[in-house]
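Below: one structure, written as structure tokens.
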There are 4 protein chains.
Amino acid sequence: MPSKKLNIGMIGYGFMGRAHSNAFRKVNNFFDLEYQPVMKAACARNPEKLQAFADNWGWESIETDWRKLVDRDDIDCVDIGSPNDTHYDIVMACAERGKMVLCEKPLAMNAEQGEKMVVAVEKAGVANMVWYNYRRVPAISLAKQLIDEGRIGRVFHYRALYLQDWTISPELPQGGAGLWRLDAAVAGSGVTGDLLAHSIDTAMWLIGGIDKVSATTETFIKERQHQLSGTKQEVTIDDACAFLARFDNGAVSTFESTRYARGRKNFNTFEVNGADGSLYFNLEDPHRLQFFDNKHESHIHGWQSIHVTDFEHPYMDKYWVPGTTIGYEHTFVNCLADFLKSLEAGQAPVRPNLRDGQETQLVCDAVLKSAKTGSWESCKA
Amino acid sequence: MPSKKLNIGMIGYGFMGRAHSNAFRKVNNFFDLEYQPVMKAACARNPEKLQAFADNWGWESIETDWRKLVDRDDIDCVDIGSPNDTHYDIVMACAERGKMVLCEKPLAMNAEQGEKMVVAVEKAGVANMVWYNYRRVPAISLAKQLIDEGRIGRVFHYRALYLQDWTISPELPQGGAGLWRLDAAVAGSGVTGDLLAHSIDTAMWLIGGIDKVSATTETFIKERQHQLSGTKQEVTIDDACAFLARFDNGAVSTFESTRYARGRKNFNTFEVNGADGSLYFNLEDPHRLQFFDNKHESHIHGWQSIHVTDFEHPYMDKYWVPGTTIGYEHTFVNCLADFLKSLEAGQAPVRPNLRDGQETQLVCDAVLKSAKTGSWESCKA
Amino acid sequence: MPSKKLNIGMIGYGFMGRAHSNAFRKVNNFFDLEYQPVMKAACARNPEKLQAFADNWGWESIETDWRKLVDRDDIDCVDIGSPNDTHYDIVMACAERGKMVLCEKPLAMNAEQGEKMVVAVEKAGVANMVWYNYRRVPAISLAKQLIDEGRIGRVFHYRALYLQDWTISPELPQGGAGLWRLDAAVAGSGVTGDLLAHSIDTAMWLIGGIDKVSATTETFIKERQHQLSGTKQEVTIDDACAFLARFDNGAVSTFESTRYARGRKNFNTFEVNGADGSLYFNLEDPHRLQFFDNKHESHIHGWQSIHVTDFEHPYMDKYWVPGTTIGYEHTFVNCLADFLKSLEAGQAPVRPNLRDGQETQLVCDAVLKSAKTGSWESCKA
Amino acid sequence: MPSKKLNIGMIGYGFMGRAHSNAFRKVNNFFDLEYQPVMKAACARNPEKLQAFADNWGWESIETDWRKLVDRDDIDCVDIGSPNDTHYDIVMACAERGKMVLCEKPLAMNAEQGEKMVVAVEKAGVANMVWYNYRRVPAISLAKQLIDEGRIGRVFHYRALYLQDWTISPELPQGGAGLWRLDAAVAGSGVTGDLLAHSIDTAMWLIGGIDKVSATTETFIKERQHQLSGTKQEVTIDDACAFLARFDNGAVSTFESTRYARGRKNFNTFEVNGADGSLYFNLEDPHRLQFFDNKHESHIHGWQSIHVTDFEHPYMDKYWVPGTTIGYEHTFVNCLADFLKSLEAGQAPVRPNLRDGQETQLVCDAVLKSAKTGSWESCKA
């Protein structure tokens, strides 16, 4: 049973607010940890909606000003699930007040912000994590494990897709509640920061750093009605982005993301090709990892579909029985469990921290720059 | 927000105890319901383990005698997750005391018990449900919806498999904690009651009643050490069971289950073939339903892989966003939500109730009888 | 280059006549063999259509009476592709004249005929083969190889399906050219002899003999117009057949076939579950064999999809390059190559011979009998 | 029955020589055409090996000098299956002599050669075709048909992969018989001309012209032993190539090819995403086309796996029965049938002709140029 409490203040109550709340509420049901998060306060601007949200998920109190939340002495750890344009100010305030930080991705609006945020939390010495939750999909964690076990060998190729189709209709408005991801002033970018950031974080975790990129972006629908103002406005985000990448280790790579791939809902895939084996993953079938193992005898060579639900698989011993799946929400539970575990004596700091998030931010910035310049751009600071 | 409380007493704290506790704890986070279950008391024989379990999941109190639990005035609804040989006595006691009943499957040790249980709860007029949770896998609920929409037409065939592989090792003991399903004295039967009962419940829900069956069963490992006594004993359960079935509507059908299918973990599949379309489902990929629609033009005919994660799909509007999956545990949440909803004014009683569970029990009994007689046996009472 | 000629006379010019002709025409292009088949004469009743057929495929001459064909001194080997009710008489005549026999499946109208045919060819000492061509699908041959290599271990289960959907329409007539398979007087039975015979031959080749069966059959459309007479007549074949089987080695098994499975075209599948591994095959994806190998470390366990197109795979070194597929027609080419090879000095007689075909006939007869008696029936002569 | 003869002279007897010979030999067995190709002469430098080849496939005579072959009065049509560096001279000679040309892909060593070849054959007015055989995979032809039927709508994205793994071993030599594709002096380029040329041809056929590209190439193994000289030499081909492309219609696109993708044998895939639907194809499962049709009701949306084996599908009415597959070799048969058909009175010239092949050559050249310059390069002449 947990012997220590960790008081949480959460900012934002949208989609990520729900996902994080669920994680705070259930993590101790499944993981044996010293720390128990206490759902101390939720924060957002609309008090009525916020109170209903807090009641539904069990937050003890509410705040409508995030600065007050950060200032509260009974808050140990600030969880940031608000839009991207708020991350910088909140993280800087947390660092100043010595609060732990759990920050949604992407880290910042750009790498300039990101660098300051990293410096601030490192200087403050507070525990910090970016919610790149897909690292904790058991099948992706298993991919990392297989690579670390040396089963892939020298990596020749990496290719990643993140395809969705929810913005194809020109009738879809942009901006405001639930749709701020279509507003560059709030989101920073379109699919690059929202979707490719995930792909990039996963890639660098698995394979290592990216050296340089050549990119192209497109905005297919040029104008949309703004949800709040009701007027037609130029669409400023990238609807689609594709880029070539060269990794530090020489691997040749492609990345692509779009919200205009009819029939793809959450088609976040990657493939790694190494001298000794290959891996393939698709988030639409999140409990499976495809593995080609060149060590088998040649007449039985074939892609193995690993059903990542056994007790031997990452995180799966915490849940049900072999053959039964967990869902999207558990990726957040797993992240949180790893964060809480890292606070125990003798544990290594959790990853991805803000420094890792900044590495991804640098690639995103280089991608967006390359799309403008038409040249290869470096991803290094 | 829920305005009414429903006090729950739960018996059993094994695998199903965890699954049910999780459902009680989460259902109101996702579903908008009048009733909120209150986790009043958990019951099992070992007080130390039970207390740890209760603390972990948030049960307010514990009981070590199920009769006391049933008798408690602050318990409205008794949830039965204990081994099969306890169901009869508990249900009869609940009926006598006018308590609602949530009973794990299979309903009983045999149809003779089952009939008495059904009569008792119907006479008592208490709300009752059997946890055939797979009906509430969104893809299976969608299959039911497509059939009800008339998309399949006259049904010619139904075939169901439920394959696992966890008992292949002769070293695996039988009996006792976690392994009572291998002990016929406690479980009633092997795969027939444990796995085929699910397949039969789903089949009859989708297609209608089963008229008669011809079955064969096998026990591959003849002796196993008993976990408690430590001595080798005869294995009395069926390790595998296959049967032919004829439905009331004339459909020709096969069912098979085993725990000796190497590589199959939770391979619970069904296929329905109708004049106008077909459906296929596999619980190892629970978020997909395969649908062949004969109405399409012939050159684009093909099996459609429906990714059952959209807001238009059963239950999925309660959870996350299109493209994201839910897990095994949510099938119990969905069951519970439907049960709680059925208690609201003007709602129809929940299904499957104990009467439905008894229909499945009758088929299981006929299957086991046919395996002994070598003849076709009727499934009718 | 081939140094010896083998003069072929072929009876029947329907679907199988085309498939066989193609094989005779191509086999030496791909296989290095001593024997070259010479397409001496084709035989059928309609001389105009037959002549066009012969011209198209390169048959040197035609005959309209099969007895004359069998009698011709320039014919070494008689290939029988005519309807099932003709097999007996032709084989008996071939045996009498000492001609080699290549016979389409199923061997005969029933096991009584079959036994006489086997005795006759064995007594005559002529080379003989039944065209159970699916044994020569490279993936099925590979399955046999993996089993012979001991990779599966003790077999617990075998399940086979052969599903099609081409007779669902009640408007489809029966009888006559192209539709004699729907006429029991000509075909002997429906799906049992046409489709399940394939499944049974494959099963017994892979796993061993079948001891006994319990079956059910159904005729969904009770009357159809006869193609020749134009009148409505009772449908006498089995539209669907399902049976339970117990193998000599104790394996528990199910078989099912139908022409009423909407969306299934040539869904001839089997799965073998052994203590050490499992295999799955589907003729709709004929170049793939699924293999679960329990010897791998547990965290990388998974079904391997073997793309059976490498030079190391059966027959595939004769064709193109790894990754390229062969088609349905090549299963006949492979059969023929194996037959021709068996004629070379020191080679074992080809399998399946008529004796093997009779083993399958015995199972078919037991299945049809069981469907009538409602009892388990023995498959032994 | 064919009433006209077309005398063929074929140059080259390697892999493509076998594939073409097989097509010449079988096309009239399956297709009802006016013309029958006559296998008049095969040409290569080694007379012994060539004679054996000619005997095996039925070529009437042999030539060891391709100029003599082109000059022969009894040759109507020259088929070029020899290495890429020979295409230019042969085509120019054919044009001069007024011979029809069937040319293997890629058309030429570069676009400069290609343009001259196109001008020459157009001026000569001879029938001409490039063997981009994958257009005639029935599933790819069906993709074209579905697009032409307007089922996809405005195209947003196209992505193509062509992945193989056969050159990973550093021990593999380069150059000489069977390995000239690894020698840039003979092949012109590596994967770009060998594999991506296929991908580009298919893409432009389906979607339209490519405007510009940004590419990267890599040679992973820097030195290999030359098969003929036995000495280590620098590897001059591209082992891998990835590029971004913008189509004339605005579609955003990625292409990638490599021979270093462990576990991929002939993984030639494409995906088209349009406003109304999407298509996906993989040459490793050549008989399937995946189609997402947005016109269906939303709760049954799903990718349809079209088993392209029905009589309604391109070319499939010429072969066997629904559910049975054809193989790699039949893509050449289909090409040849279309070529022969185009020679009949009133038929349109066959496509892809040399002009089409040149369009692909221009893209290949731009890709290779971009990989050197690091800039976007135009694909226009």
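Every chain in the structure tokens takes a letter, A first, then B, and so on in the order presented; its residues are numbered from 1, and the ligands are numbered from 1 following the presented order.
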
Extract the full set of strand (DSSP E) residues from stretch 167-259 of chain B according to DSSP on the backbone, and format it as an MDAnalysis selection string.
chainID B and resid 210:218 223:225 232:234 240:247 252:258

Selection above as a file: N, CA and C atoms, as a PDB file, in the first residue's frame:
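File written: part_11.pdb
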```pdb
ATOM      1  N   ILE B 210     -30.738 -22.675 -29.555  1.00  0.00           N
ATOM      2  CA  ILE B 210     -30.110 -23.890 -30.087  1.00  0.00           C
ATOM      3  C   ILE B 210     -31.027 -25.067 -29.797  1.00  0.00           C
ATOM      4  N   ASP B 211     -31.273 -25.858 -30.820  1.00  0.00           N
ATOM      5  CA  ASP B 211     -32.207 -26.969 -30.700  1.00  0.00           C
ATOM      6  C   ASP B 211     -31.544 -28.215 -30.133  1.00  0.00           C
ATOM      7  N   LYS B 212     -30.414 -28.619 -30.746  1.00  0.00           N
ATOM      8  CA  LYS B 212     -29.806 -29.882 -30.329  1.00  0.00           C
ATOM      9  C   LYS B 212     -28.320 -29.887 -30.672  1.00  0.00           C
ATOM     10  N   VAL B 213     -27.599 -30.755 -30.026  1.00  0.00           N
ATOM     11  CA  VAL B 213     -26.142 -30.787 -30.177  1.00  0.00           C
ATOM     12  C   VAL B 213     -25.614 -32.217 -30.219  1.00  0.00           C
ATOM     13  N   SER B 214     -24.464 -32.342 -30.898  1.00  0.00           N
ATOM     14  CA  SER B 214     -23.688 -33.588 -30.830  1.00  0.00           C
ATOM     15  C   SER B 214     -22.272 -33.195 -30.462  1.00  0.00           C
ATOM     16  N   ALA B 215     -21.747 -33.760 -29.383  1.00  0.00           N
ATOM     17  CA  ALA B 215     -20.501 -33.255 -28.802  1.00  0.00           C
ATOM     18  C   ALA B 215     -19.460 -34.331 -28.572  1.00  0.00           C
ATOM     19  N   THR B 216     -18.225 -33.887 -28.468  1.00  0.00           N
ATOM     20  CA  THR B 216     -17.150 -34.763 -27.996  1.00  0.00           C
ATOM     21  C   THR B 216     -16.269 -33.939 -27.065  1.00  0.00           C
ATOM     22  N   THR B 217     -15.790 -34.578 -26.021  1.00  0.00           N
ATOM     23  CA  THR B 217     -14.878 -33.897 -25.103  1.00  0.00           C
ATOM     24  C   THR B 217     -13.630 -34.753 -24.903  1.00  0.00           C
ATOM     25  N   GLU B 218     -12.589 -34.120 -24.425  1.00  0.00           N
ATOM     26  CA  GLU B 218     -11.347 -34.864 -24.181  1.00  0.00           C
ATOM     27  C   GLU B 218     -10.614 -34.249 -22.987  1.00  0.00           C
ATOM     28  N   GLU B 223      -3.796 -36.880 -15.298  1.00  0.00           N
ATOM     29  CA  GLU B 223      -3.560 -36.690 -13.860  1.00  0.00           C
ATOM     30  C   GLU B 223      -2.762 -35.417 -13.637  1.00  0.00           C
ATOM     31  N   ARG B 224      -3.075 -34.709 -12.598  1.00  0.00           N
ATOM     32  CA  ARG B 224      -2.293 -33.534 -12.206  1.00  0.00           C
ATOM     33  C   ARG B 224      -2.172 -33.513 -10.681  1.00  0.00           C
ATOM     34  N   GLN B 225      -1.117 -32.874 -10.232  1.00  0.00           N
ATOM     35  CA  GLN B 225      -0.965 -32.669  -8.802  1.00  0.00           C
ATOM     36  C   GLN B 225      -2.015 -31.660  -8.332  1.00  0.00           C
ATOM     37  N   LYS B 232      -1.104 -36.396  -6.615  1.00  0.00           N
ATOM     38  CA  LYS B 232      -1.595 -36.559  -7.977  1.00  0.00           C
ATOM     39  C   LYS B 232      -3.032 -37.036  -7.933  1.00  0.00           C
ATOM     40  N   GLN B 233      -3.860 -36.401  -8.713  1.00  0.00           N
ATOM     41  CA  GLN B 233      -5.257 -36.802  -8.764  1.00  0.00           C
ATOM     42  C   GLN B 233      -5.711 -36.847 -10.204  1.00  0.00           C
ATOM     43  N   GLU B 234      -6.746 -37.620 -10.442  1.00  0.00           N
ATOM     44  CA  GLU B 234      -7.352 -37.669 -11.761  1.00  0.00           C
ATOM     45  C   GLU B 234      -7.870 -36.282 -12.140  1.00  0.00           C
ATOM     46  N   ALA B 240     -10.978 -30.078 -23.513  1.00  0.00           N
ATOM     47  CA  ALA B 240     -11.413 -29.623 -24.831  1.00  0.00           C
ATOM     48  C   ALA B 240     -12.805 -30.143 -25.083  1.00  0.00           C
ATOM     49  N   CYS B 241     -13.556 -29.386 -25.869  1.00  0.00           N
ATOM     50  CA  CYS B 241     -14.921 -29.778 -26.185  1.00  0.00           C
ATOM     51  C   CYS B 241     -15.274 -29.217 -27.551  1.00  0.00           C
ATOM     52  N   ALA B 242     -15.810 -30.056 -28.406  1.00  0.00           N
ATOM     53  CA  ALA B 242     -16.284 -29.598 -29.716  1.00  0.00           C
ATOM     54  C   ALA B 242     -17.686 -30.135 -29.910  1.00  0.00           C
ATOM     55  N   PHE B 243     -18.540 -29.317 -30.502  1.00  0.00           N
ATOM     56  CA  PHE B 243     -19.882 -29.843 -30.772  1.00  0.00           C
ATOM     57  C   PHE B 243     -20.492 -29.251 -32.029  1.00  0.00           C
ATOM     58  N   LEU B 244     -21.329 -30.065 -32.642  1.00  0.00           N
ATOM     59  CA  LEU B 244     -22.180 -29.625 -33.737  1.00  0.00           C
ATOM     60  C   LEU B 244     -23.486 -29.135 -33.128  1.00  0.00           C
ATOM     61  N   ALA B 245     -24.044 -28.101 -33.699  1.00  0.00           N
ATOM     62  CA  ALA B 245     -25.322 -27.609 -33.176  1.00  0.00           C
ATOM     63  C   ALA B 245     -26.253 -27.266 -34.327  1.00  0.00           C
ATOM     64  N   ARG B 246     -27.517 -27.515 -34.112  1.00  0.00           N
ATOM     65  CA  ARG B 246     -28.564 -27.055 -35.026  1.00  0.00           C
ATOM     66  C   ARG B 246     -29.404 -26.032 -34.273  1.00  0.00           C
ATOM     67  N   PHE B 247     -29.498 -24.839 -34.853  1.00  0.00           N
ATOM     68  CA  PHE B 247     -30.284 -23.779 -34.224  1.00  0.00           C
ATOM     69  C   PHE B 247     -31.769 -23.977 -34.539  1.00  0.00           C
ATOM     70  N   VAL B 252     -26.799 -24.302 -39.397  1.00  0.00           N
ATOM     71  CA  VAL B 252     -25.844 -25.379 -39.112  1.00  0.00           C
ATOM     72  C   VAL B 252     -24.637 -24.753 -38.438  1.00  0.00           C
ATOM     73  N   SER B 253     -24.158 -25.377 -37.385  1.00  0.00           N
ATOM     74  CA  SER B 253     -23.198 -24.673 -36.556  1.00  0.00           C
ATOM     75  C   SER B 253     -22.171 -25.597 -35.920  1.00  0.00           C
ATOM     76  N   THR B 254     -20.994 -25.060 -35.691  1.00  0.00           N
ATOM     77  CA  THR B 254     -19.970 -25.772 -34.915  1.00  0.00           C
ATOM     78  C   THR B 254     -19.453 -24.861 -33.808  1.00  0.00           C
ATOM     79  N   PHE B 255     -19.133 -25.476 -32.692  1.00  0.00           N
ATOM     80  CA  PHE B 255     -18.520 -24.781 -31.551  1.00  0.00           C
ATOM     81  C   PHE B 255     -17.325 -25.619 -31.111  1.00  0.00           C
ATOM     82  N   GLU B 256     -16.291 -24.938 -30.689  1.00  0.00           N
ATOM     83  CA  GLU B 256     -15.153 -25.695 -30.165  1.00  0.00           C
ATOM     84  C   GLU B 256     -14.417 -24.853 -29.158  1.00  0.00           C
ATOM     85  N   SER B 257     -13.947 -25.510 -28.122  1.00  0.00           N
ATOM     86  CA  SER B 257     -13.118 -24.810 -27.151  1.00  0.00           C
ATOM     87  C   SER B 257     -12.049 -25.751 -26.625  1.00  0.00           C
ATOM     88  N   THR B 258     -10.916 -25.167 -26.295  1.00  0.00           N
ATOM     89  CA  THR B 258      -9.824 -25.955 -25.746  1.00  0.00           C
ATOM     90  C   THR B 258      -8.884 -25.024 -25.012  1.00  0.00           C
TER      91      THR B 258
END
```

Exercise: C:Phe332 partners within 6 Å, only C-alpha atoms, chain neighbours under 3 positions left out, as a list in words:
Ala23, Asn133, Glu329 and Cys335 of chain C

Save the residues we just selected, N, CA and C atoms, as a tab-separated table (two decimals), in the first residue's frame?
```
chain	number	residue	atom	x	y	z
C	23	ALA	N	-1.01	-27.86	-67.20
C	23	ALA	CA	0.09	-28.53	-66.51
C	23	ALA	C	0.93	-29.37	-67.48
C	133	ASN	N	-4.59	-31.85	-55.61
C	133	ASN	CA	-3.57	-30.87	-55.95
C	133	ASN	C	-3.16	-29.97	-54.79
C	329	GLU	N	-2.92	-22.59	-60.76
C	329	GLU	CA	-2.61	-23.56	-61.79
C	329	GLU	C	-1.33	-24.34	-61.50
C	335	CYS	N	2.00	-31.23	-59.03
C	335	CYS	CA	1.53	-32.63	-58.96
C	335	CYS	C	2.12	-33.43	-60.12
```

Define the interface residues of chain C facing chain A as those within 12 Å, counting only C-alpha atoms, and report them as a ChimeraX atom specification.
/C:138-139,141-143,145-146,149,151,279,287-293,295-314,316,322-323

Save the residues we just selected, C-alpha atoms, as a CSV table (one decimal), in the first residue's frame?
```csv
chain,number,residue,atom,x,y,z
C,138,PRO,CA,3.9,-24.9,-51.5
C,139,ALA,CA,2.6,-23.6,-48.1
C,141,SER,CA,3.9,-28.9,-48.5
C,142,LEU,CA,5.9,-26.7,-46.1
C,143,ALA,CA,3.3,-27.5,-43.3
C,145,GLN,CA,7.7,-30.6,-43.8
C,146,LEU,CA,7.5,-28.7,-40.5
C,149,GLU,CA,10.7,-32.0,-38.8
C,151,ARG,CA,8.2,-28.8,-34.9
C,279,LEU,CA,0.1,-24.1,-38.0
C,287,HIS,CA,1.4,-18.2,-50.4
C,288,ARG,CA,1.4,-17.8,-46.6
C,289,LEU,CA,1.7,-20.3,-43.8
C,290,GLN,CA,1.2,-19.2,-40.3
C,291,PHE,CA,3.4,-20.9,-37.7
C,292,PHE,CA,3.5,-20.5,-34.0
C,293,ASP,CA,6.7,-21.8,-32.6
C,295,LYS,CA,10.5,-22.8,-28.8
C,296,HIS,CA,11.1,-19.0,-29.1
C,297,GLU,CA,11.6,-17.0,-25.9
C,298,SER,CA,8.3,-16.2,-24.4
C,299,HIS,CA,8.4,-12.5,-24.8
C,300,ILE,CA,8.8,-12.8,-28.6
C,301,HIS,CA,6.2,-15.6,-29.0
C,302,GLY,CA,3.9,-14.8,-31.9
C,303,TRP,CA,2.4,-16.3,-35.0
C,304,GLN,CA,4.9,-16.1,-37.9
C,305,SER,CA,3.5,-15.3,-41.3
C,306,ILE,CA,5.8,-17.3,-43.6
C,307,HIS,CA,5.8,-15.9,-47.1
C,308,VAL,CA,6.3,-19.2,-48.9
C,309,THR,CA,8.1,-17.8,-51.9
C,310,ASP,CA,11.8,-18.4,-51.1
C,311,PHE,CA,14.1,-20.8,-52.8
C,312,GLU,CA,14.2,-22.8,-49.6
C,313,HIS,CA,10.4,-23.5,-49.9
C,314,PRO,CA,8.9,-26.5,-51.6
C,316,MET,CA,9.6,-22.4,-55.3
C,322,PRO,CA,11.8,-14.7,-53.7
C,323,GLY,CA,8.8,-12.6,-53.0
```

Mind checking which residues fall within 6 Å of C:Ile8, counting only C-alpha atoms, ignoring those fewer than 2 positions away in the same chain, and posting them as a count of residues only?
6

Which neighbours of stretch 184-186 of chain D fall inside 8 Å, counting only C-alpha atoms, when residues of the same chain fewer than 4 positions from it are skipped, and could you give them as a PyMOL selection string?
chain D and resi 83-85+180+190+236-237

Can you list, as a PDB file with C-alpha atoms, in the first residue's frame, every protein, DNA or RNA residue that comes within 10 Å of D:Glu122 when you count only C-alpha atoms, leaving out same-chain residues fewer than 3 positions away?
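Generated output (result-v7.pdb):
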```pdb
ATOM      1  CA  ALA D  95      13.178   2.028 -85.048  1.00  0.00           C
ATOM      2  CA  LYS D 116      15.949   9.958 -78.356  1.00  0.00           C
ATOM      3  CA  MET D 117      14.401   6.499 -78.151  1.00  0.00           C
ATOM      4  CA  VAL D 118      10.895   7.902 -77.901  1.00  0.00           C
ATOM      5  CA  VAL D 119      11.439  10.242 -80.828  1.00  0.00           C
ATOM      6  CA  GLY D 125       5.530   4.614 -86.196  1.00  0.00           C
ATOM      7  CA  VAL D 126       6.141   1.189 -84.736  1.00  0.00           C
ATOM      8  CA  ALA D 127       4.046  -0.319 -81.988  1.00  0.00           C
ATOM      9  CA  ASN D 128       5.951  -0.083 -78.733  1.00  0.00           C
ATOM     10  CA  ASN D 353       4.485   3.013 -74.408  1.00  0.00           C
ATOM     11  CA  LEU D 354       8.023   4.377 -74.590  1.00  0.00           C
ATOM     12  CA  ARG D 355       6.690   7.913 -74.039  1.00  0.00           C
TER      13      ARG D 355
END
```

Skipping near chain neighbours, those fewer than 2 positions away, what residues fall within 10 Å of A:Asn28 using only C-alpha atoms, listed as a PyMOL selection string?
(chain A and resi 1-2+23-26+30-37+333+336-337) or (chain B and resi 56-57)

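Reported to one decimal place, the separation of atom CA of A:Pro47 from atom CA of A:Ile90 is 19.5 Å.
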
Using only C-alpha atoms, determine which residues lie at most 12 Å from C:Arg154, disregarding the query and same-chain residues fewer than 4 positions distant; provide the list as a ChimeraX atom specification.
/B:168,220,260-262 /C:147-148,150,158,207,249-251,272-278

DSSP on the backbone: what in stretch 25-117 of chain D comes out helix (DSSP H, G or I), as JSON, numbers by chain?
{"D": [25, 26, 27, 28, 29, 30, 47, 48, 49, 50, 51, 52, 53, 54, 55, 56, 57, 66, 67, 68, 69, 70, 71, 84, 85, 86, 87, 88, 89, 90, 91, 92, 93, 94, 95, 96, 97, 111, 112, 113, 114, 115, 116, 117]}

Could those residues be written to a file, using C-alpha atoms, as a short mmCIF file (atom, residue, chain, number, x, y, z; two decimals), in the first residue's frame?
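Writing done, so here's again-v6.cif:
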```cif
data_model
loop_
_atom_site.label_atom_id
_atom_site.label_comp_id
_atom_site.auth_asym_id
_atom_site.auth_seq_id
_atom_site.Cartn_x
_atom_site.Cartn_y
_atom_site.Cartn_z
CA ARG D 25 4.02 -19.44 -74.82
CA LYS D 26 0.76 -19.14 -72.88
CA VAL D 27 -0.99 -15.97 -73.90
CA ASN D 28 -3.22 -17.63 -76.48
CA ASN D 29 -4.20 -20.39 -74.08
CA PHE D 30 -6.04 -17.85 -71.97
CA PRO D 47 25.38 -20.09 -77.57
CA GLU D 48 25.39 -23.24 -75.39
CA LYS D 49 23.36 -21.77 -72.58
CA LEU D 50 21.13 -19.98 -75.05
CA GLN D 51 20.40 -23.18 -77.00
CA ALA D 52 19.38 -24.99 -73.82
CA PHE D 53 17.18 -22.06 -72.92
CA ALA D 54 15.64 -21.99 -76.40
CA ASP D 55 14.95 -25.71 -76.29
CA ASN D 56 13.34 -25.46 -72.92
CA TRP D 57 10.96 -22.68 -73.90
CA TRP D 66 21.40 -8.79 -81.44
CA ARG D 67 22.01 -6.71 -84.58
CA LYS D 68 21.51 -9.82 -86.70
CA LEU D 69 18.32 -10.57 -84.88
CA VAL D 70 16.96 -7.09 -85.51
CA ASP D 71 17.95 -7.39 -89.14
CA ASN D 84 19.61 -1.57 -69.14
CA ASP D 85 22.74 -0.36 -70.90
CA THR D 86 21.71 -2.19 -74.07
CA HIS D 87 18.21 -0.74 -74.43
CA TYR D 88 19.21 2.44 -76.25
CA ASP D 89 21.15 0.87 -79.09
CA ILE D 90 18.62 -1.87 -79.65
CA VAL D 91 15.62 0.43 -79.69
CA MET D 92 17.35 2.82 -82.09
CA ALA D 93 18.13 -0.08 -84.42
CA CYS D 94 14.58 -1.39 -84.23
CA ALA D 95 13.18 2.03 -85.05
CA GLU D 96 15.49 2.23 -88.03
CA ARG D 97 14.39 -1.18 -89.27
CA ALA D 111 16.36 10.67 -69.80
CA GLU D 112 18.69 11.92 -72.50
CA GLN D 113 18.80 8.45 -74.04
CA GLY D 114 15.11 7.99 -73.37
CA GLU D 115 14.05 11.07 -75.27
CA LYS D 116 15.95 9.96 -78.36
CA MET D 117 14.40 6.50 -78.15
#
```

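Separating atom CA of C:Leu163 from atom CA of C:Phe267 is a distance of 4.9 Å.
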
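Going from atom CA of A:Ala203 over to atom CA of D:Asp194, you cover 28.9 Å.
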